[in-house]
>>> print(open('query_6.cif').read())   # mmCIF, C-alpha atoms and all ligand atoms
data_model
loop_
_atom_site.label_atom_id
_atom_site.label_comp_id
_atom_site.auth_asym_id
_atom_site.auth_seq_id
_atom_site.Cartn_x
_atom_site.Cartn_y
_atom_site.Cartn_z
CA MET G 1 0.00 0.00 0.00
CA LYS G 2 1.31 3.44 -0.83
CA PHE G 3 0.40 5.71 2.06
CA SER G 4 0.42 9.49 2.12
CA ASP G 5 3.69 11.24 2.86
CA ARG G 6 1.91 12.95 5.75
CA ILE G 7 1.06 9.81 7.68
CA LEU G 8 4.50 8.33 7.08
CA LYS G 9 6.09 11.37 8.74
CA ILE G 10 4.45 10.85 12.11
CA LYS G 11 4.58 8.21 14.83
CA PRO G 12 1.93 6.94 17.25
CA SER G 13 1.38 9.07 20.35
CA ALA G 14 4.03 7.82 22.78
CA THR G 15 1.86 8.45 25.82
CA LEU G 16 -1.03 6.45 24.44
CA LYS G 17 1.33 3.74 23.22
CA ALA G 18 2.90 3.38 26.67
CA ALA G 19 -0.55 3.27 28.26
CA ALA G 20 -1.66 0.57 25.80
CA LYS G 21 1.43 -1.50 26.61
CA ALA G 22 0.69 -1.29 30.34
CA ARG G 23 -2.95 -2.22 29.66
CA GLU G 24 -1.89 -5.26 27.62
CA LEU G 25 0.29 -6.51 30.46
CA LYS G 26 -2.54 -5.99 32.93
CA ALA G 27 -4.86 -7.99 30.68
CA LYS G 28 -2.37 -10.87 30.93
CA GLY G 29 -2.81 -10.79 34.70
CA VAL G 30 0.40 -8.91 35.56
CA GLN G 31 -0.05 -6.40 38.41
CA VAL G 32 1.22 -3.26 36.74
CA ILE G 33 1.51 0.07 38.51
CA ASP G 34 0.67 2.50 35.79
CA PHE G 35 2.28 5.94 35.81
CA THR G 36 1.94 6.41 32.04
CA VAL G 37 -1.10 8.23 30.82
CA GLY G 38 -2.05 11.65 32.07
CA GLU G 39 -5.55 10.88 33.17
CA PRO G 40 -7.25 11.54 36.52
CA ASP G 41 -8.34 8.34 38.23
CA PHE G 42 -11.35 10.21 39.67
CA ASN G 43 -14.78 9.62 38.25
CA THR G 44 -16.49 12.43 36.36
CA PRO G 45 -18.54 14.46 38.90
CA GLU G 46 -22.11 13.13 39.31
CA LYS G 47 -23.66 16.45 38.27
CA ILE G 48 -22.05 16.21 34.85
CA LYS G 49 -23.14 12.61 34.37
CA GLU G 50 -26.69 13.54 35.40
CA ALA G 51 -26.68 16.39 32.87
CA CYS G 52 -25.62 13.92 30.18
CA LYS G 53 -28.40 11.47 31.08
CA LYS G 54 -30.91 14.32 31.04
CA ALA G 55 -29.67 15.43 27.63
CA LEU G 56 -30.21 11.92 26.28
CA ASP G 57 -33.71 11.78 27.81
CA GLU G 58 -34.45 15.10 26.16
CA ASN G 59 -33.25 13.67 22.84
CA PHE G 60 -30.19 15.82 22.38
CA THR G 61 -28.99 13.19 19.97
CA ARG G 62 -29.06 14.96 16.61
CA TYR G 63 -26.59 17.16 14.78
CA ALA G 64 -25.60 20.29 16.66
CA PRO G 65 -24.07 23.59 15.50
CA VAL G 66 -20.49 22.97 14.30
CA PRO G 67 -18.72 25.20 16.87
CA GLY G 68 -21.00 24.06 19.72
CA PHE G 69 -24.33 25.08 21.22
CA PRO G 70 -24.57 28.82 22.00
CA GLU G 71 -25.12 27.94 25.70
CA LEU G 72 -21.91 25.90 25.72
CA ARG G 73 -19.88 28.65 24.06
CA GLN G 74 -21.35 31.10 26.59
CA SER G 75 -20.47 28.78 29.51
CA ILE G 76 -16.88 28.67 28.23
CA CYS G 77 -16.82 32.49 28.09
CA ASN G 78 -18.11 32.57 31.68
CA TYR G 79 -15.40 30.13 32.72
CA LEU G 80 -12.64 32.17 31.05
CA LYS G 81 -13.91 35.35 32.72
CA ARG G 82 -14.36 33.79 36.16
CA GLU G 83 -11.07 31.94 36.24
CA PHE G 84 -8.67 34.14 34.30
CA GLY G 85 -10.37 37.52 33.93
CA LEU G 86 -10.54 37.04 30.16
CA ALA G 87 -13.25 38.64 28.01
CA TYR G 88 -14.21 36.44 25.05
CA LYS G 89 -17.47 36.44 23.11
CA PRO G 90 -19.23 33.19 22.16
CA GLU G 91 -18.30 33.70 18.48
CA GLU G 92 -14.65 33.61 19.55
CA ILE G 93 -15.02 30.07 20.94
CA ILE G 94 -15.12 26.67 19.26
CA ALA G 95 -15.82 23.42 21.13
CA THR G 96 -13.63 20.57 19.88
CA ALA G 97 -13.14 16.87 20.48
CA GLY G 98 -10.61 17.42 23.28
CA ALA G 99 -7.89 20.06 23.55
CA LYS G 100 -5.74 17.90 21.26
CA HIS G 101 -8.24 18.42 18.47
CA ALA G 102 -8.32 22.19 19.07
CA ILE G 103 -4.53 22.28 18.71
CA TYR G 104 -4.69 20.18 15.56
CA ALA G 105 -7.33 22.44 14.01
CA ALA G 106 -5.50 25.65 14.92
CA LEU G 107 -2.26 24.38 13.39
CA GLN G 108 -4.06 23.17 10.27
CA VAL G 109 -5.66 26.54 9.61
CA LEU G 110 -2.56 28.63 10.36
CA ILE G 111 0.59 26.77 9.30
CA ASN G 112 1.81 26.40 5.74
CA PRO G 113 4.54 24.04 4.54
CA GLY G 114 7.87 25.60 5.43
CA ASP G 115 6.53 27.78 8.26
CA GLU G 116 8.49 27.36 11.46
CA VAL G 117 6.80 26.60 14.77
CA ILE G 118 8.78 27.02 17.97
CA ILE G 119 8.25 24.27 20.55
CA PRO G 120 10.08 24.46 23.89
CA ALA G 121 11.21 21.02 25.09
CA PRO G 122 10.40 18.95 27.05
CA TYR G 123 7.19 19.14 25.01
CA TRP G 124 3.96 17.21 24.99
CA VAL G 125 4.35 14.48 22.37
CA SER G 126 1.57 15.57 20.03
CA PHE G 127 2.80 19.14 19.46
CA TYR G 128 5.72 17.93 17.38
CA ASP G 129 3.83 15.49 15.18
CA GLN G 130 0.88 17.79 14.71
CA VAL G 131 3.25 20.44 13.34
CA LEU G 132 4.73 17.82 10.99
CA LEU G 133 1.21 17.08 9.74
CA THR G 134 0.90 20.67 8.51
CA GLY G 135 4.16 20.47 6.56
CA GLY G 136 5.56 23.07 8.95
CA LYS G 137 8.93 22.74 10.63
CA PRO G 138 9.15 22.24 14.42
CA VAL G 139 11.98 24.30 15.92
CA VAL G 140 12.74 22.80 19.31
CA ILE G 141 14.23 24.86 22.13
CA LYS G 142 15.85 22.62 24.72
CA THR G 143 15.49 23.31 28.42
CA ASP G 144 16.42 21.18 31.42
CA ASP G 145 15.86 20.83 35.15
CA THR G 146 18.59 23.35 36.02
CA THR G 147 16.20 26.14 34.93
CA GLY G 148 13.02 24.38 36.09
CA PHE G 149 12.48 23.38 32.44
CA LYS G 150 11.86 26.99 31.52
CA MET G 151 12.82 28.64 28.27
CA THR G 152 14.49 32.04 28.65
CA PRO G 153 13.45 35.09 26.60
CA ARG G 154 16.95 35.06 25.12
CA GLN G 155 16.55 31.47 23.91
CA LEU G 156 13.27 32.43 22.31
CA GLU G 157 14.81 35.42 20.55
CA GLN G 158 17.72 33.34 19.28
CA ASN G 159 15.40 30.83 17.65
CA ILE G 160 13.18 33.28 15.82
CA GLY G 161 13.91 33.55 12.13
CA PRO G 162 12.23 34.94 9.02
CA LYS G 163 10.05 31.83 8.72
CA THR G 164 8.83 31.73 12.33
CA LYS G 165 5.04 31.78 12.36
CA LEU G 166 3.98 30.54 15.78
CA LEU G 167 5.18 29.71 19.28
CA ILE G 168 3.58 26.91 21.28
CA LEU G 169 3.43 27.54 25.02
CA ASN G 170 2.14 24.98 27.50
CA THR G 171 1.81 26.07 31.10
CA PRO G 172 1.44 24.22 33.46
CA SER G 173 3.53 21.88 31.36
CA ASN G 174 3.03 18.33 30.28
CA PRO G 175 5.46 16.52 30.85
CA THR G 176 7.30 18.55 33.54
CA GLY G 177 4.57 20.29 35.58
CA SER G 178 6.62 23.48 35.33
CA CYS G 179 4.63 26.75 35.36
CA TYR G 180 5.49 30.15 33.93
CA SER G 181 4.64 33.25 35.96
CA GLY G 182 2.71 36.15 34.47
CA GLU G 183 5.94 38.18 34.25
CA GLU G 184 7.70 35.41 32.34
CA LEU G 185 4.79 35.08 29.93
CA LYS G 186 4.74 38.84 29.40
CA LYS G 187 8.37 38.76 28.26
CA PHE G 188 7.59 36.07 25.68
CA GLY G 189 4.53 38.03 24.59
CA ASP G 190 6.55 41.22 24.10
CA ILE G 191 9.03 39.36 21.90
CA CYS G 192 6.27 37.76 19.82
CA ALA G 193 4.36 41.03 19.48
CA GLY G 194 7.50 42.74 18.19
CA LYS G 195 8.11 40.04 15.58
CA ASN G 196 4.49 39.41 14.56
CA ILE G 197 4.50 35.82 15.81
CA LEU G 198 1.33 33.96 16.79
CA VAL G 199 1.07 32.07 20.07
CA LEU G 200 -0.80 28.86 20.71
CA SER G 201 -1.20 28.69 24.47
CA ASP G 202 -2.18 25.26 25.75
CA GLU G 203 -3.53 25.81 29.27
CA ILE G 204 -5.29 22.49 29.82
CA TYR G 205 -3.74 22.11 33.33
CA ALA G 206 -4.58 25.69 34.39
CA LYS G 207 -6.78 24.62 37.31
CA LEU G 208 -4.28 22.11 38.65
CA THR G 209 -1.66 24.22 40.44
CA TYR G 210 -0.09 23.83 43.87
CA ASP G 211 1.78 25.61 46.67
CA GLY G 212 -0.54 28.59 46.24
CA PHE G 213 0.69 29.20 42.68
CA LYS G 214 -2.08 30.70 40.58
CA HIS G 215 -2.07 30.13 36.85
CA VAL G 216 -1.96 33.29 34.75
CA SER G 217 -3.37 32.93 31.28
CA PHE G 218 -1.06 34.08 28.48
CA VAL G 219 -3.61 36.66 27.28
CA THR G 220 -4.11 38.00 30.84
CA ALA G 221 -0.33 38.44 31.11
CA CYS G 222 -0.04 39.96 27.68
CA PRO G 223 -3.34 41.55 26.57
CA GLU G 224 -1.68 43.13 23.52
CA MET G 225 -1.25 39.59 22.14
CA ARG G 226 -4.99 38.81 22.33
CA GLU G 227 -5.52 39.13 18.57
CA LYS G 228 -2.50 36.87 17.90
CA THR G 229 -3.25 34.12 20.40
CA ILE G 230 -5.11 30.85 20.22
CA LEU G 231 -5.91 29.81 23.75
CA VAL G 232 -6.62 26.10 24.20
CA ASN G 233 -8.20 24.43 27.19
CA GLY G 234 -10.81 21.78 27.93
CA ALA G 235 -12.60 19.64 30.45
CA SER G 236 -10.46 16.47 30.38
CA LYS G 237 -7.95 17.09 33.13
CA SER G 238 -9.63 19.37 35.65
CA TYR G 239 -13.13 17.86 35.43
CA ALA G 240 -11.97 14.22 35.11
CA MET G 241 -13.57 13.99 31.66
CA THR G 242 -10.79 12.52 29.52
CA GLY G 243 -13.00 10.03 27.69
CA TRP G 244 -15.72 12.57 26.91
CA ARG G 245 -13.42 14.39 24.49
CA ILE G 246 -14.35 17.99 25.12
CA GLY G 247 -11.94 20.84 24.60
CA PHE G 248 -12.09 24.30 23.16
CA ALA G 249 -10.16 27.11 21.54
CA ALA G 250 -10.68 30.81 22.24
CA ALA G 251 -9.27 33.09 19.58
CA PRO G 252 -10.14 36.04 17.34
CA LYS G 253 -13.28 35.34 15.31
CA GLU G 254 -11.43 35.15 11.99
CA ILE G 255 -9.37 32.19 13.28
CA ILE G 256 -12.38 30.49 14.91
CA ASP G 257 -14.32 30.87 11.65
CA LYS G 258 -11.61 28.99 9.76
CA MET G 259 -11.46 26.29 12.44
CA GLN G 260 -15.22 25.92 12.02
CA ILE G 261 -14.82 25.33 8.30
CA LEU G 262 -12.29 22.59 8.99
CA GLN G 263 -14.48 21.04 11.70
CA SER G 264 -17.52 21.12 9.38
CA GLN G 265 -15.59 18.97 6.90
CA GLU G 266 -14.17 16.74 9.56
CA VAL G 267 -16.22 15.67 12.59
CA THR G 268 -19.15 18.15 12.29
CA SER G 269 -19.18 18.81 16.04
CA VAL G 270 -18.53 17.31 19.43
CA PRO G 271 -21.33 14.77 20.19
CA THR G 272 -24.50 16.62 21.09
CA PHE G 273 -25.27 15.20 24.56
CA ILE G 274 -21.62 15.60 25.59
CA MET G 275 -21.80 19.28 24.79
CA ARG G 276 -24.98 19.61 26.88
CA ALA G 277 -23.29 17.93 29.85
CA SER G 278 -20.20 20.10 29.45
CA ILE G 279 -22.27 23.24 30.10
CA THR G 280 -22.70 21.95 33.66
CA ALA G 281 -18.97 21.30 33.92
CA PHE G 282 -17.89 24.80 32.88
CA ASN G 283 -20.68 26.58 34.80
CA ASP G 284 -21.07 24.66 37.97
CA CYS G 285 -18.28 22.36 39.16
CA ASP G 286 -15.69 24.60 40.83
CA LYS G 287 -16.05 22.78 44.17
CA GLU G 288 -15.50 19.37 42.60
CA VAL G 289 -12.43 20.60 40.74
CA GLU G 290 -10.97 22.08 43.92
CA ALA G 291 -11.41 18.78 45.79
CA MET G 292 -9.51 16.92 43.05
CA ARG G 293 -6.81 19.61 42.93
CA ARG G 294 -6.16 19.23 46.67
CA GLU G 295 -5.82 15.49 46.31
CA PHE G 296 -3.39 15.90 43.40
CA GLU G 297 -1.26 18.20 45.54
CA LYS G 298 -0.98 15.52 48.25
CA ARG G 299 -0.07 12.94 45.64
CA ARG G 300 2.57 15.19 44.13
CA ASP G 301 4.18 15.56 47.56
CA VAL G 302 4.22 11.80 48.13
CA ALA G 303 5.58 11.05 44.65
CA PHE G 304 8.19 13.79 44.85
CA ALA G 305 9.43 12.67 48.29
CA GLY G 306 9.65 9.06 47.11
CA LEU G 307 11.47 9.76 43.84
CA SER G 308 13.91 12.11 45.56
CA LYS G 309 14.99 9.29 47.86
CA ILE G 310 16.11 7.04 44.99
CA LYS G 311 19.90 7.07 44.68
CA GLY G 312 20.93 8.44 41.30
CA VAL G 313 17.61 10.17 40.67
CA THR G 314 17.10 13.92 40.99
CA CYS G 315 13.71 15.49 40.68
CA TYR G 316 12.45 19.02 40.04
CA LYS G 317 9.39 19.87 42.16
CA PRO G 318 6.86 21.56 39.91
CA SER G 319 3.77 23.58 40.88
CA GLY G 320 1.29 22.24 38.35
CA ALA G 321 -0.26 19.46 36.24
CA PHE G 322 0.07 15.88 37.55
CA TYR G 323 3.49 14.85 36.31
CA LEU G 324 6.99 14.60 37.71
CA PHE G 325 9.91 14.46 35.33
CA PRO G 326 12.82 12.91 37.25
CA ASN G 327 16.35 13.06 35.88
CA VAL G 328 17.93 9.60 35.43
CA LYS G 329 21.09 10.67 33.61
CA ALA G 330 23.30 9.25 36.37
CA PHE G 331 22.49 5.70 35.24
CA LYS G 332 24.43 4.08 32.43
CA LYS G 333 21.32 3.28 30.40
CA SER G 334 19.16 5.51 28.23
CA SER G 335 15.85 6.63 29.68
CA GLU G 336 14.13 4.46 27.10
CA GLU G 337 16.05 1.40 28.33
CA ILE G 338 15.28 2.36 31.93
CA ALA G 339 11.55 2.65 31.17
CA GLU G 340 11.62 -0.78 29.54
CA LEU G 341 13.50 -2.28 32.46
CA LEU G 342 11.07 -0.77 34.96
CA LEU G 343 8.17 -2.30 33.11
CA GLU G 344 9.75 -5.72 32.72
CA GLU G 345 11.34 -6.05 36.15
CA ALA G 346 9.35 -3.85 38.49
CA HIS G 347 6.07 -3.86 36.54
CA VAL G 348 6.01 -0.10 36.83
CA ALA G 349 5.00 1.74 33.66
CA VAL G 350 6.40 5.23 32.95
CA VAL G 351 7.05 7.13 29.72
CA SER G 352 10.65 7.77 28.70
CA GLY G 353 11.89 11.31 28.16
CA GLU G 354 12.93 10.66 24.54
CA SER G 355 9.30 10.98 23.44
CA PHE G 356 9.11 14.47 24.92
CA GLY G 357 12.32 15.62 23.24
CA ALA G 358 14.19 15.18 26.52
CA PRO G 359 16.33 12.03 26.81
CA GLY G 360 17.63 11.31 30.30
CA TYR G 361 14.31 11.82 32.06
CA LEU G 362 11.21 9.74 32.84
CA ARG G 363 7.65 11.04 32.97
CA VAL G 364 5.77 9.83 36.02
CA SER G 365 2.05 10.62 36.07
CA TYR G 366 0.85 10.70 39.66
CA ALA G 367 -2.84 10.84 38.75
CA THR G 368 -3.40 7.67 40.72
CA ASP G 369 -4.07 6.79 44.36
CA ILE G 370 -1.44 7.27 47.08
CA PRO G 371 -0.94 3.56 47.97
CA SER G 372 -0.21 2.83 44.28
CA ILE G 373 2.20 5.78 44.13
CA GLU G 374 4.03 4.53 47.20
CA MET G 375 4.19 0.96 46.00
CA GLY G 376 5.26 1.94 42.47
CA ILE G 377 8.03 4.22 43.63
CA ASP G 378 9.27 1.62 46.07
CA LYS G 379 9.52 -0.87 43.21
CA MET G 380 11.29 1.70 41.04
CA LYS G 381 13.78 2.30 43.83
CA LYS G 382 14.60 -1.39 44.16
CA THR G 383 15.20 -1.79 40.43
CA LEU G 384 17.08 1.46 39.88
CA GLU G 385 19.39 1.11 42.87
CA LYS G 386 20.63 -2.21 41.45
CA LEU G 387 21.89 -0.46 38.32
N1 LIG G 401 -2.35 14.19 27.48
C1 LIG G 401 -2.30 12.95 28.17
C2 LIG G 401 -0.87 12.47 28.35
O1 LIG G 401 0.04 13.16 28.01
C3 LIG G 401 -3.18 11.93 27.52
C4 LIG G 401 -2.64 11.18 26.35
C5 LIG G 401 -2.29 12.08 25.22
O2 LIG G 401 -3.19 12.55 24.56
O3 LIG G 401 -1.10 12.35 25.09
O4 LIG G 401 -0.68 11.41 28.87
#
>>> encode(input="query_6.cif", output="structure tokens")
Amino acid sequence: MKFSDRILKIKPSATLKAAAKARELKAKGVQVIDFTVGEPDFNTPEKIKEACKKALDENFTRYAPVPGFPELRQSICNYLKREFGLAYKPEEIIATAGAKHAIYAALQVLINPGDEVIIPAPYWVSFYDQVLLTGGKPVVIKTDDTTGFKMTPRQLEQNIGPKTKLLILNTPSNPTGSCYSGEELKKFGDICAGKNILVLSDEIYAKLTYDGFKHVSFVTACPEMREKTILVNGASKSYAMTGWRIGFAAAPKEIIDKMQILQSQEVTSVPTFIMRASITAFNDCDKEVEAMRREFEKRRDVAFAGLSKIKGVTCYKPSGAFYLFPNVKAFKKSSEEIAELLLEEAHVAVVSGESFGAPGYLRVSYATDIPSIEMGIDKMKKTLEKL
């Protein structure tokens, strides 16, 4: 079969692949402790499930408007205002099948072959391949744990060239949990404004921050970039709704209109009853989100303390998301080999740093219960300290 050049350029999502591998082992009866996929183990709040059942009973089962029901777009505007002080109108919002799909659509409507897209590393796996799918060129800026995995304004400036079209920011970050402050974001915004560069700001972990750190949205930090920014967020992580596939983009109407055209030729819309239920999520679940956030903070502390005690491992303590990204460079094996060994010997599943453009690290998702975190890290310790 002769496949398209596009599909041959990309690889399967490493996070989903690692999760599938762990699942396969579990199906064979092996007791695997799974730190792979970034997915809350909490159930979706009852209120949201009830709203979904009600929507089905009311026969919200037919085609819906491509960018989402007006009430849903309004609830997203309310959420953006309430949480981040942002003023968006419903026509500046599109509901998508997860934040991943919003990112895909934004890149598809904005990037031409040859355009350069700056991606700070460690990066979430899909940014890189989604840029490849546009024919654009990913320009990766490396960072490491010595700077808390943060890109400096100088690094950004040095990587901007005549073909630079867009910068992808992701704060709090997947895979490191690192968070940029408003001041840091403002510096990036000033550079981009001066060079006419667009920003795609993935803020899917915005509600999951710790130690009193409060997420500042890129557009709040840099209002002059509002017309040049595509803000992406969604319900998956903070509302424990990963399987529902509901995300959104907020951007100037001319960008949203183009994303609508693409969506109309692609999936039409997010499933109707899921959109109805999501109105409840964005309008009315702050308490539920806060309860999950508190629990994640406890888990982060347990996971961080455990990993820091493993000889040869150093770990940066981040203030957001639900990942730790320990440094395993002291061992004589690659992080990919270490991840394989951990799975085979300790039955602990993690994702290796290579997939995030950062060899020498492991991604540990702590979105699981504390006893499993403790047991998993204990097993990791036993295996790693033998190396
Ligand atoms: N974003 C989550 C992760 O990084 C879910 C899987 C994916 O889409 O990458 O694990």
>>> residues_near_ligand(input="query_6.cif", ligand="ligand LIG 401 (chain G)", cutoff="8 Å", atoms="only C-alpha atoms and all ligand atoms", output="ChimeraX atom specification")
/G:13-16,36-39,100,124-126,174-175,242,365
>>> atom_distance(input="query_6.cif", atom1="CA of Glu297 in chain G", atom2="CA of Gly243 in chain G")
22.9 Å
>>> residues_around(input="query_6.cif", residues="range 118-121 of chain G", least_positions_apart="5", cutoff="12 Å", atoms="only C-alpha atoms", output="PyMOL selection string")
chain G and resi 111+126-131+136-145+148-153+155-161+163-171+173-176+178+188+192+197-202+353-359+361
>>> atom_distance(input="query_6.cif", atom1="CA of Asp115 in chain G", atom2="CA of Arg154 in chain G")
21.1 Å
>>> closest_residue(input="query_6.cif", among="G:Ser319, G:Ser238, G:Thr280, G:Thr229", to="Asn43 in chain G", atoms="only C-alpha atoms")
G:Ser238
>>> closest_residue(input="query_6.cif", among="G:Ile10, G:Ile246, G:Met1, G:Leu208", to="Ala367 in chain G", atoms="only C-alpha atoms")
G:Leu208
>>> residues_around(input="query_6.cif", residues="Ala330 in chain G", least_positions_apart="2", cutoff="8 Å", atoms="only C-alpha atoms", output="PyMOL selection string")
chain G and resi 312-313+327-328+332
>>> write_last_selection(input="query_6.cif", atoms="C-alpha atoms", output="PDB file, in the frame of the given file")
ATOM      1  CA  GLY G 312      20.930   8.440  41.300  1.00  0.00           C
ATOM      2  CA  VAL G 313      17.610  10.170  40.670  1.00  0.00           C
ATOM      3  CA  ASN G 327      16.350  13.060  35.880  1.00  0.00           C
ATOM      4  CA  VAL G 328      17.930   9.600  35.430  1.00  0.00           C
ATOM      5  CA  LYS G 332      24.430   4.080  32.430  1.00  0.00           C
TER       6      LYS G 332
END
>>> atom_distance(input="query_6.cif", atom1="CA of Phe248 in chain G", atom2="CA of Lys187 in chain G")
25.6 Å
>>> closest_residue(input="query_6.cif", among="G:Cys52, G:Glu345, G:Lys287, G:Glu224", to="Gly194 in chain G", atoms="all atoms listed in the file")
G:Glu224
>>> axis_aligned_box(input="query_6.cif", around="range 287-297 of chain G", padding_each_side="6 Å", output="lines of an AutoDock Vina configuration file")
center_x = -8.7
center_y = 19.1
center_z = 43.7
size_x = 26.8
size_y = 19.3
size_z = 17.9
>>> closest_residue(input="query_6.cif", among="G:Lys382, G:Met375, G:Ile274, G:Lys311", to="Lys53 in chain G", atoms="all atoms listed in the file")
G:Ile274
>>> closest_residue(input="query_6.cif", among="G:Ile373, G:Ala221, G:Ala20, G:Met241", to="Phe296 in chain G", atoms="only C-alpha atoms")
G:Ile373
>>> closest_residue(input="query_6.cif", among="G:Leu110, G:Val216, G:Leu86, G:Ile377", to="Lys309 in chain G", atoms="all atoms listed in the file")
G:Ile377
>>> residues_around(input="query_6.cif", residues="Val348 in chain G", least_positions_apart="3", cutoff="12 Å", atoms="only C-alpha atoms", output="JSON, numbers by chain")
{"G": [18, 19, 21, 22, 23, 25, 26, 30, 31, 32, 33, 34, 35, 36, 338, 339, 340, 341, 342, 343, 344, 345, 351, 362, 363, 364, 365, 372, 373, 374, 375, 376, 377, 378, 379, 380, 381, 382, 383, 384]}
>>> decode(input="query_6.cif", residues="range 126-139 of chain G", atoms="N, CA and C atoms", output="PDB file, in the first residue's frame")
ATOM      1  N   SER G 126       2.360  15.310  21.236  1.00  0.00           N
ATOM      2  CA  SER G 126       1.573  15.569  20.026  1.00  0.00           C
ATOM      3  C   SER G 126       1.884  16.916  19.361  1.00  0.00           C
ATOM      4  N   PHE G 127       2.477  17.849  20.105  1.00  0.00           N
ATOM      5  CA  PHE G 127       2.804  19.136  19.461  1.00  0.00           C
ATOM      6  C   PHE G 127       3.681  18.905  18.228  1.00  0.00           C
ATOM      7  N   TYR G 128       4.717  18.114  18.431  1.00  0.00           N
ATOM      8  CA  TYR G 128       5.722  17.925  17.385  1.00  0.00           C
ATOM      9  C   TYR G 128       5.098  17.292  16.134  1.00  0.00           C
ATOM     10  N   ASP G 129       4.392  16.209  16.336  1.00  0.00           N
ATOM     11  CA  ASP G 129       3.830  15.489  15.181  1.00  0.00           C
ATOM     12  C   ASP G 129       2.686  16.258  14.530  1.00  0.00           C
ATOM     13  N   GLN G 130       1.954  16.990  15.317  1.00  0.00           N
ATOM     14  CA  GLN G 130       0.876  17.794  14.714  1.00  0.00           C
ATOM     15  C   GLN G 130       1.449  18.910  13.836  1.00  0.00           C
ATOM     16  N   VAL G 131       2.592  19.444  14.210  1.00  0.00           N
ATOM     17  CA  VAL G 131       3.249  20.440  13.340  1.00  0.00           C
ATOM     18  C   VAL G 131       3.710  19.741  12.059  1.00  0.00           C
ATOM     19  N   LEU G 132       4.298  18.553  12.187  1.00  0.00           N
ATOM     20  CA  LEU G 132       4.732  17.816  10.987  1.00  0.00           C
ATOM     21  C   LEU G 132       3.554  17.597  10.032  1.00  0.00           C
ATOM     22  N   LEU G 133       2.395  17.333  10.576  1.00  0.00           N
ATOM     23  CA  LEU G 133       1.213  17.081   9.735  1.00  0.00           C
ATOM     24  C   LEU G 133       0.807  18.290   8.888  1.00  0.00           C
ATOM     25  N   THR G 134       1.230  19.472   9.304  1.00  0.00           N
ATOM     26  CA  THR G 134       0.900  20.670   8.514  1.00  0.00           C
ATOM     27  C   THR G 134       1.928  20.913   7.403  1.00  0.00           C
ATOM     28  N   GLY G 135       3.053  20.185   7.485  1.00  0.00           N
ATOM     29  CA  GLY G 135       4.157  20.467   6.563  1.00  0.00           C
ATOM     30  C   GLY G 135       5.069  21.558   7.118  1.00  0.00           C
ATOM     31  N   GLY G 136       4.721  22.067   8.292  1.00  0.00           N
ATOM     32  CA  GLY G 136       5.559  23.072   8.951  1.00  0.00           C
ATOM     33  C   GLY G 136       6.787  22.419   9.576  1.00  0.00           C
ATOM     34  N   LYS G 137       7.679  23.278  10.063  1.00  0.00           N
ATOM     35  CA  LYS G 137       8.929  22.744  10.633  1.00  0.00           C
ATOM     36  C   LYS G 137       8.980  23.042  12.136  1.00  0.00           C
ATOM     37  N   PRO G 138       9.013  21.980  12.981  1.00  0.00           N
ATOM     38  CA  PRO G 138       9.152  22.238  14.416  1.00  0.00           C
ATOM     39  C   PRO G 138      10.565  22.721  14.725  1.00  0.00           C
ATOM     40  N   VAL G 139      10.669  23.810  15.464  1.00  0.00           N
ATOM     41  CA  VAL G 139      11.985  24.300  15.919  1.00  0.00           C
ATOM     42  C   VAL G 139      11.987  24.124  17.430  1.00  0.00           C
TER      43      VAL G 139
END
